[in-house]
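Everything on this sheet refers to the single structure shown next.
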Amino acid sequence: MTRSFRFAAVATLLMMATSPLLFIAAAQQLSDREKHIGGKFMCMCGCSQVLTQCNHLGCTTSTAMLKELRQAVDGGKSEDSVTQMFVQEFGTKVYAEPPKSGFSLVAWAMPTIYLILGTALVIFVISRWRKQPVSKVALAGGAPSIPPQILERARAQAARETEG
Amino acid sequence: MDLFGSFALLLALACAVYAFIGGIAAILTRHPLLVKSTRQAGMATCCLIFVATFSLEYLFFSDNFSVAYVVSHSNRDLSTFYKIAALWSGQEGSLLFWSFLLAIYVFSVLLAYRNKNGELMPYVGVVLVGVQIFFLTLNNFVVSPFKALASPGANGALAYVARADGNGLTPLLQYPEMVIHPPNLYAGYTGFTIPFAFALGALLARYPGEKWIHLTRKWTMIAWMFQSLGILLGAHWAYAVLGWGGYWGWDPVENASLLPWLTGTAFLHSVMMQEKRGMMKVWNVWLVFCTFLLCILGTMLTRSGVVSSVHAFAQSSIGNWFVGFIAIVLLVCFGAYLWNRDYLNSENHLDSIVSRESSFLFNNLLLLVSCLAVLSGTLFPVFSEWITGDRISVGAPFFNKVNIPAGLLLLFLTGIGPLLAWRKTSVESLKRNFGWPLGTGLVAGVIAFVLGFRELFSLICLILCVFVAATIGLEFFRGARVIRARSGASLVASAIELTMRNTRRYGGYIVHLGMVFVFIGLSGAAFNHDVQKEMHFGDSLQIGPYTLILQTIDTKPEKNYTAQRMIVEVLKGNRPQMMLYPEKRQFATTEQTGTMVAIHSTLKEDLYVVFAGLSPDTQLPVIHAYLNPLVKWIWFGGVVVVFGTLVALLPNRRDVLVLAGANQPARQALPHGLTPSITLREGHD
């Protein structure tokens with residue numbers, strides 16, 4: 001591959017890859033305070049959408065909640081006060097994401113626990129695969145092993161009985 | 001016709017029960033006639049389900065308003081197009097549709113393997129009809145779509161009645177994609193029954209290894225493709241109809257469709273470990289079991305009212321049936337596994353951590369963590385209510401925070417995984433394969449940063465997208481160069497030839513490329529922007545480079561609804577660009593309103609305009625306009641994903657070029673740095 005060809009290939013790839021950026025640079029705008037605070041609550045109509053995004057048909061709940069939010073923000077209430085106001089009115093189900101306290105911490109902890117346990121499992125499996133010879137790997141889980149001839153017979157039977 | 005449909009369903013259940021019991025007897029006795037008889041009973045079950053389904057469709061088309069389901073989901077003015085979709089628009093019909101799609105799969109499997117795999121098929125058949133029996137039980141006795149409309153007569157006894165017209169189809173469903181989105185999604189859900197049946201059947205039959213995987217690879221890919229397509233069409237429907245400017249809200253029903261997709265994706269990758277190296281057999285079996293169970297769980301979540309969702313069907317007691325079925329399936333799977341787990345032991349060990357095997361392990365880890373995070377987040381409100389008495393919502397912000405990092409790591413693995421060699425990858429190989437792509441990605445990141453791309457995750461996403469696209473491009477380029485050197489064909493023709501020689505590997509790369517496009521589209525969400533404004537006629541609204549001028553509002557009577565239509569002129573830089581016509585529709589029969597969003601879509605951005613109704617205070621029309629960057633890349637990526645899957649499903653073309661090459665008078669020498677081993681190295685397949 002010639003140097004100029006390489007350069008042209010990389011330049012083309014870069015141009016293709018960054019073209020979306022040129023498009024969107026102008027679109028960036030800051031959201032206002034209402035949107036910021038409203039994004040922390042769910043619409044209470046049962047649509048499972050965030051308050052500021054609920055626009056489903058005939059939803060009067062989000063309209064009322066947004067009005068309430070607007071009044072609170074215009075009245076100079078802090079984010080915490082607005083949160084308290086909505087929690088008192090609707091209960092904890094108004095949170096768009098579980099608060100990081102009490103039982104709700106479980107929701108946040110679970111993905112981390114999955115990741116830690118999963119990583120530990122992968123590391124365990126890898127170390128086991130690396131350390132043990134093949135014959136021992138075949139004894140996974142401490143289960144009684146099948147004699148190789150029986151396994152081979154089963155494999156031959158499977159090959160005979162299937163034609164996939 | 002309603003009686004005819006009911007009878008067909010009842011007969012189908014009887015045939016399925018016979019096929020199930022007869023199948024078990026056939027496994028025990030191995031009597032050829034019994035095997036044949038039960039297979040035919042299984043096929044008859046499918047045919048009867050087809051008859052029942054077509055009967056219900058006939059009731060819709062003939063406007064038979066003596067059937068409760070037809071009354072609830074159709075009316076005389078409903079177009080033919082939507083009368084087809086009315087079949088799956090309610091609980092009863094959609095479950096029949098589930099059975100229908102499952103029957104297509106089962107019939108195809110029984111037909112395709114009628115003279116093959118004689119010992120395995122009875123096991124597979126029993127599992128398949130077992131699943132059919134469950135759904136047929138629901139169709140017959142729990143949520144029958146053929147219930148006649150009845151009302152109390154003068155003497156208090158119920159009397160059959162017929163209505164002059166029906167209630168009509170929910171406005172939200174009167175959109176073209178709703179005619180194709182549910183069938184695709186259901187085809188995905190039901191399709192995973194096939195690999196499940198083969199996996200369980202092979203385990204019960206004590207087959208030690210790869211056979212069931214070879215047999216079901218294409219079925220799994222077909223199911224996965226439909227599931228992907230269904231999810232994307234659903235996202236597009238949400239985007240174009242719900243009018244909230246987004247395409248994915250982490251709604252429980254959306255999550256339910258994502259869960260089996262994640263495990264199915266994990267399976268499609270880890271299955272290669274078993275094929276190539278005889279490893280991860282237990283894992284693969286359980287991945288298939290989990291995928292099927294998640295399909296059933298997803299169906300349950302949509303229908304039981306356990307979680308609240310705008311997409312869900314009405315709350316009903318049907319959830320208990322699903323819980324029972326899931327419990328039975330789990331028991332059978334555990335039992336089969338414990339009984340025969342010795343046949344699933346690994347045959348190889350890992351030579352190096354830097355290898356394809358490791359990348360698959362981490363790929364599976366991330367997909368599973370993501371799946372479990374979505375699952376626990378979806379069910380957390382239910383658990384929190386059980387445990388504390390307070391229902392704690394888990395909405396989009398939670399899912400985004402948890403899944404975005406996992407998604408980016410997966411994207412990274414999408415780049416590196418296919419280029420790592422099996423067993424062991426040398427440092428030299430790493431340099432050769434990743435140097436250019438990594439450099440390209442980083443340079444793209446710098447350019448993006450300079451251009452003002454300052455959202456961290458979006459920036460990382462873009463760098464990774466470039467990196468992955470570059471690795472894929474390099475793989476195609478290197479392979480095509482070898483073929484071009486031998487055949488003298490153009491680079492493009494060589495790339496096509498390369499793909500056709502190893503469709504699975506290069507089809508897989510195309511799927512990955514599609515996912516890159518999807519991720520590019522997702523990265524744009526960080527820059528979404530919207531403006532809402534009350535408008536007099538002639539008023540303008542500025543959003544990004546566009547100026548929207550409300551010209552007028554007119555009324556457009558249609559057969560099934562009346563539309564109030566905004567006529568909006570769009571200028572860009574003071575130059576007229578187009579007219580947009582966002583609508584608000586009033587459906588006479590249901591007295592509900594619907595939205596028809598007007599979208600001007602380009603690769604750069606979507607201008608998304610919603611007629612948000614009249615202001616309650618001023619009675620002025622309200623426009624809600626959004627500027628959503630890069631959204632079109634998501635749909636385009638979806639098309640590429642489907643195309644790649646179709647390519648991967650094609651059989652490999654025979655290596656005719658090599659034979660033809662022998663007749664060439666003078667073969668070109670291979671370019672420097674290329675060795676024939678590049679065509680021999682095991683790739684994505």
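Letters A, B, ... mark the chains of the structure tokens in the order given; residue numbers begin at 1 per chain; ligand numbers begin at 1, in order shown.
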
Next item on the list: Report as number ranges by chain: the residues of segment 82-250 of chain B with a DSSP assignment of strand (DSSP E or B), based on the backbone of this structure.
Entry: B: 148, 150-152, 158-160

Output for the residues just chosen: C-alpha atoms as a compact mmCIF listing (two decimals), in the first residue's frame:
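Output contents, as saved in result_22.txt:
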# COMPACT_ATOMS: atom_id res chain seq x y z
CA ALA B 148 -69.68 -14.24 21.45
CA ALA B 150 -73.86 -11.47 25.07
CA SER B 151 -76.05 -9.30 27.24
CA PRO B 152 -78.68 -10.03 29.89
CA LEU B 158 -77.68 -14.07 28.84
CA ALA B 159 -78.62 -13.76 25.20
CA TYR B 160 -76.33 -13.54 22.20

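With distances taken over only C-alpha atoms, A:Val94 is the one residue among A:Lys100, A:Phe86, A:Asp80, A:Val94 lying closest to chain B.
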
Next item on the list: Write out as a ChimeraX atom specification the residues lying within 9 Å of Cys59 of chain A, counting only C-alpha atoms and excluding same-chain residues fewer than 4 positions away.
Entry: /A:45,47,54-55,63

Mind writing the picked residues with N, CA, C and O atoms as a CSV table (one decimal), in the first residue's frame?
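part.csv, written as the output of this step:
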chain,number,residue,atom,x,y,z
A,45,CYS,N,-49.3,9.6,35.4
A,45,CYS,CA,-50.5,9.1,34.7
A,45,CYS,C,-50.4,7.6,34.5
A,45,CYS,O,-51.3,6.9,34.0
A,47,CYS,N,-47.9,6.3,32.6
A,47,CYS,CA,-47.3,6.0,31.2
A,47,CYS,C,-45.8,5.6,31.3
A,47,CYS,O,-45.2,5.2,30.3
A,54,CYS,N,-43.4,13.3,28.9
A,54,CYS,CA,-44.7,12.7,28.7
A,54,CYS,C,-45.5,13.6,27.8
A,54,CYS,O,-45.7,14.8,28.1
A,55,ASN,N,-45.9,13.0,26.7
A,55,ASN,CA,-46.7,13.8,25.8
A,55,ASN,C,-47.8,12.8,25.2
A,55,ASN,O,-48.2,13.0,24.1
A,63,THR,N,-49.6,17.7,32.4
A,63,THR,CA,-49.9,19.1,32.3
A,63,THR,C,-50.0,19.8,33.7
A,63,THR,O,-49.4,20.8,33.9

Next item on the list: May I have the residues within 10 Å of segment 35-37 of chain A as a list in words, using only C-alpha atoms and disregarding those fewer than 4 positions away in the same chain?
Entry: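 Surrounding residues, per the criterion: Leu30, Ser31, Phe41, Leu51, Thr52, Gln53, Leu66, Leu69, Arg70, Val73, Ser78, Glu79, Asp80, Val82 and Thr83 of chain A.
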
File dump, residues just selected, N, CA, C and O atoms, as a tab-separated table (two decimals), in the first residue's frame:
chain	number	residue	atom	x	y	z
A	30	LEU	N	-28.39	24.62	26.14
A	30	LEU	CA	-28.56	24.29	27.55
A	30	LEU	C	-30.05	24.18	27.87
A	30	LEU	O	-30.87	24.93	27.35
A	31	SER	N	-30.37	23.24	28.74
A	31	SER	CA	-31.76	23.12	29.15
A	31	SER	C	-32.02	24.07	30.31
A	31	SER	O	-31.12	24.40	31.06
A	41	PHE	N	-38.49	13.56	37.76
A	41	PHE	CA	-39.76	12.96	38.19
A	41	PHE	C	-40.44	12.21	37.06
A	41	PHE	O	-40.24	12.51	35.89
A	51	LEU	N	-41.47	13.01	33.48
A	51	LEU	CA	-42.47	14.08	33.43
A	51	LEU	C	-42.28	15.01	32.23
A	51	LEU	O	-43.23	15.32	31.52
A	52	THR	N	-41.05	15.44	32.01
A	52	THR	CA	-40.82	16.41	30.93
A	52	THR	C	-40.94	15.78	29.54
A	52	THR	O	-40.94	16.50	28.55
A	53	GLN	N	-41.02	14.47	29.50
A	53	GLN	CA	-41.11	13.81	28.19
A	53	GLN	C	-42.50	13.27	27.90
A	53	GLN	O	-42.78	12.85	26.79
A	66	LEU	N	-46.63	19.72	35.49
A	66	LEU	CA	-45.70	20.71	34.95
A	66	LEU	C	-46.08	22.12	35.39
A	66	LEU	O	-45.22	22.97	35.66
A	69	LEU	N	-44.94	22.45	38.84
A	69	LEU	CA	-43.49	22.60	38.84
A	69	LEU	C	-43.10	24.04	38.48
A	69	LEU	O	-42.25	24.66	39.14
A	70	ARG	N	-43.78	24.56	37.46
A	70	ARG	CA	-43.49	25.92	37.00
A	70	ARG	C	-43.75	26.92	38.13
A	70	ARG	O	-42.94	27.81	38.38
A	73	VAL	N	-40.99	26.62	40.74
A	73	VAL	CA	-39.71	27.20	40.29
A	73	VAL	C	-39.82	28.72	40.25
A	73	VAL	O	-38.92	29.43	40.70
A	78	SER	N	-36.32	25.66	46.05
A	78	SER	CA	-35.10	24.92	45.69
A	78	SER	C	-35.49	23.56	45.11
A	78	SER	O	-36.64	23.12	45.22
A	79	GLU	N	-34.49	22.90	44.52
A	79	GLU	CA	-34.74	21.58	43.92
A	79	GLU	C	-35.23	20.60	44.98
A	79	GLU	O	-36.15	19.81	44.73
A	80	ASP	N	-34.61	20.67	46.17
A	80	ASP	CA	-35.01	19.76	47.25
A	80	ASP	C	-36.45	20.02	47.66
A	80	ASP	O	-37.21	19.08	47.93
A	82	VAL	N	-38.85	21.27	45.85
A	82	VAL	CA	-39.76	20.78	44.81
A	82	VAL	C	-39.89	19.26	44.91
A	82	VAL	O	-40.99	18.70	44.81
A	83	THR	N	-38.74	18.60	45.16
A	83	THR	CA	-38.76	17.14	45.31
A	83	THR	C	-39.68	16.74	46.46
A	83	THR	O	-40.52	15.84	46.34

Notebook entry, point to check: So, counting only C-alpha atoms, which residue among A:Thr61, A:Ser48, A:Ser101, A:Gln84 is closest to chain B?
Noted result: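 Counting only C-alpha atoms, the residue closest to chain B is A:Ser48.
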
Item checked: Contacts of Gln542 of chain B within 10 Å, only C-alpha atoms, excl. fewer than 5 positions in-chain, as a ChimeraX atom specification -> /B:531,533,547-549,570-572,625

Kindly save the residues from that selection, with C-alpha atoms included, as a PDB file, in the first residue's frame.
ATOM      1  CA  VAL B 531     -39.001  24.399  21.870  1.00  0.00           C
ATOM      2  CA  LYS B 533     -44.698  27.806  21.667  1.00  0.00           C
ATOM      3  CA  THR B 547     -37.657  28.906  11.288  1.00  0.00           C
ATOM      4  CA  LEU B 548     -41.156  27.491  11.526  1.00  0.00           C
ATOM      5  CA  ILE B 549     -44.047  29.697  10.422  1.00  0.00           C
ATOM      6  CA  VAL B 570     -40.122  25.735   7.251  1.00  0.00           C
ATOM      7  CA  LEU B 571     -37.343  28.143   6.388  1.00  0.00           C
ATOM      8  CA  LYS B 572     -33.653  27.547   6.699  1.00  0.00           C
ATOM      9  CA  ALA B 625     -40.693  21.334  17.837  1.00  0.00           C
TER      10      ALA B 625
END

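Closest approach to Cys43 of chain A among A:Met110, A:Ile123, A:Ala64, A:Leu105 is made by A:Ala64 (distances from only C-alpha atoms).
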
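The two atoms in question, atom CA of Ile318 of chain B and atom CA of Leu10 of chain B, are spaced 19.1 Å apart.
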
Next item on the list: Would you mind reading off the distance between atom CA of Leu33 of chain B and atom CA of Arg206 of chain B, one decimal, in Å?
Entry: 23.2 Å

Item checked: Backbone DSSP call of alpha helix (DSSP H) for segment 455-606 of chain B, listed as a PyMOL selection string -> chain B and resi 456-487+491-501+503-523

Check: Between B:Phe398, B:Phe61, B:Leu101, B:Ser144, which one has atoms that come closest to Gly5 of chain B, using only C-alpha atoms?
Finding: B:Ser144

Notebook entry, point to check: Between B:Asn139, B:Thr291, B:Asn64, B:Ser55, which one has atoms that come closest to Leu13 of chain B, using only C-alpha atoms?
Noted result: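 Comparing B:Asn139, B:Thr291, B:Asn64, B:Ser55 against Leu13 of chain B, the winner is B:Asn139.
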
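For the residues B:Ala202, B:Val17, B:Cys333, B:Met500, ranking by smallest atom-to-atom distance to chain A using only C-alpha atoms places B:Ala202 first.
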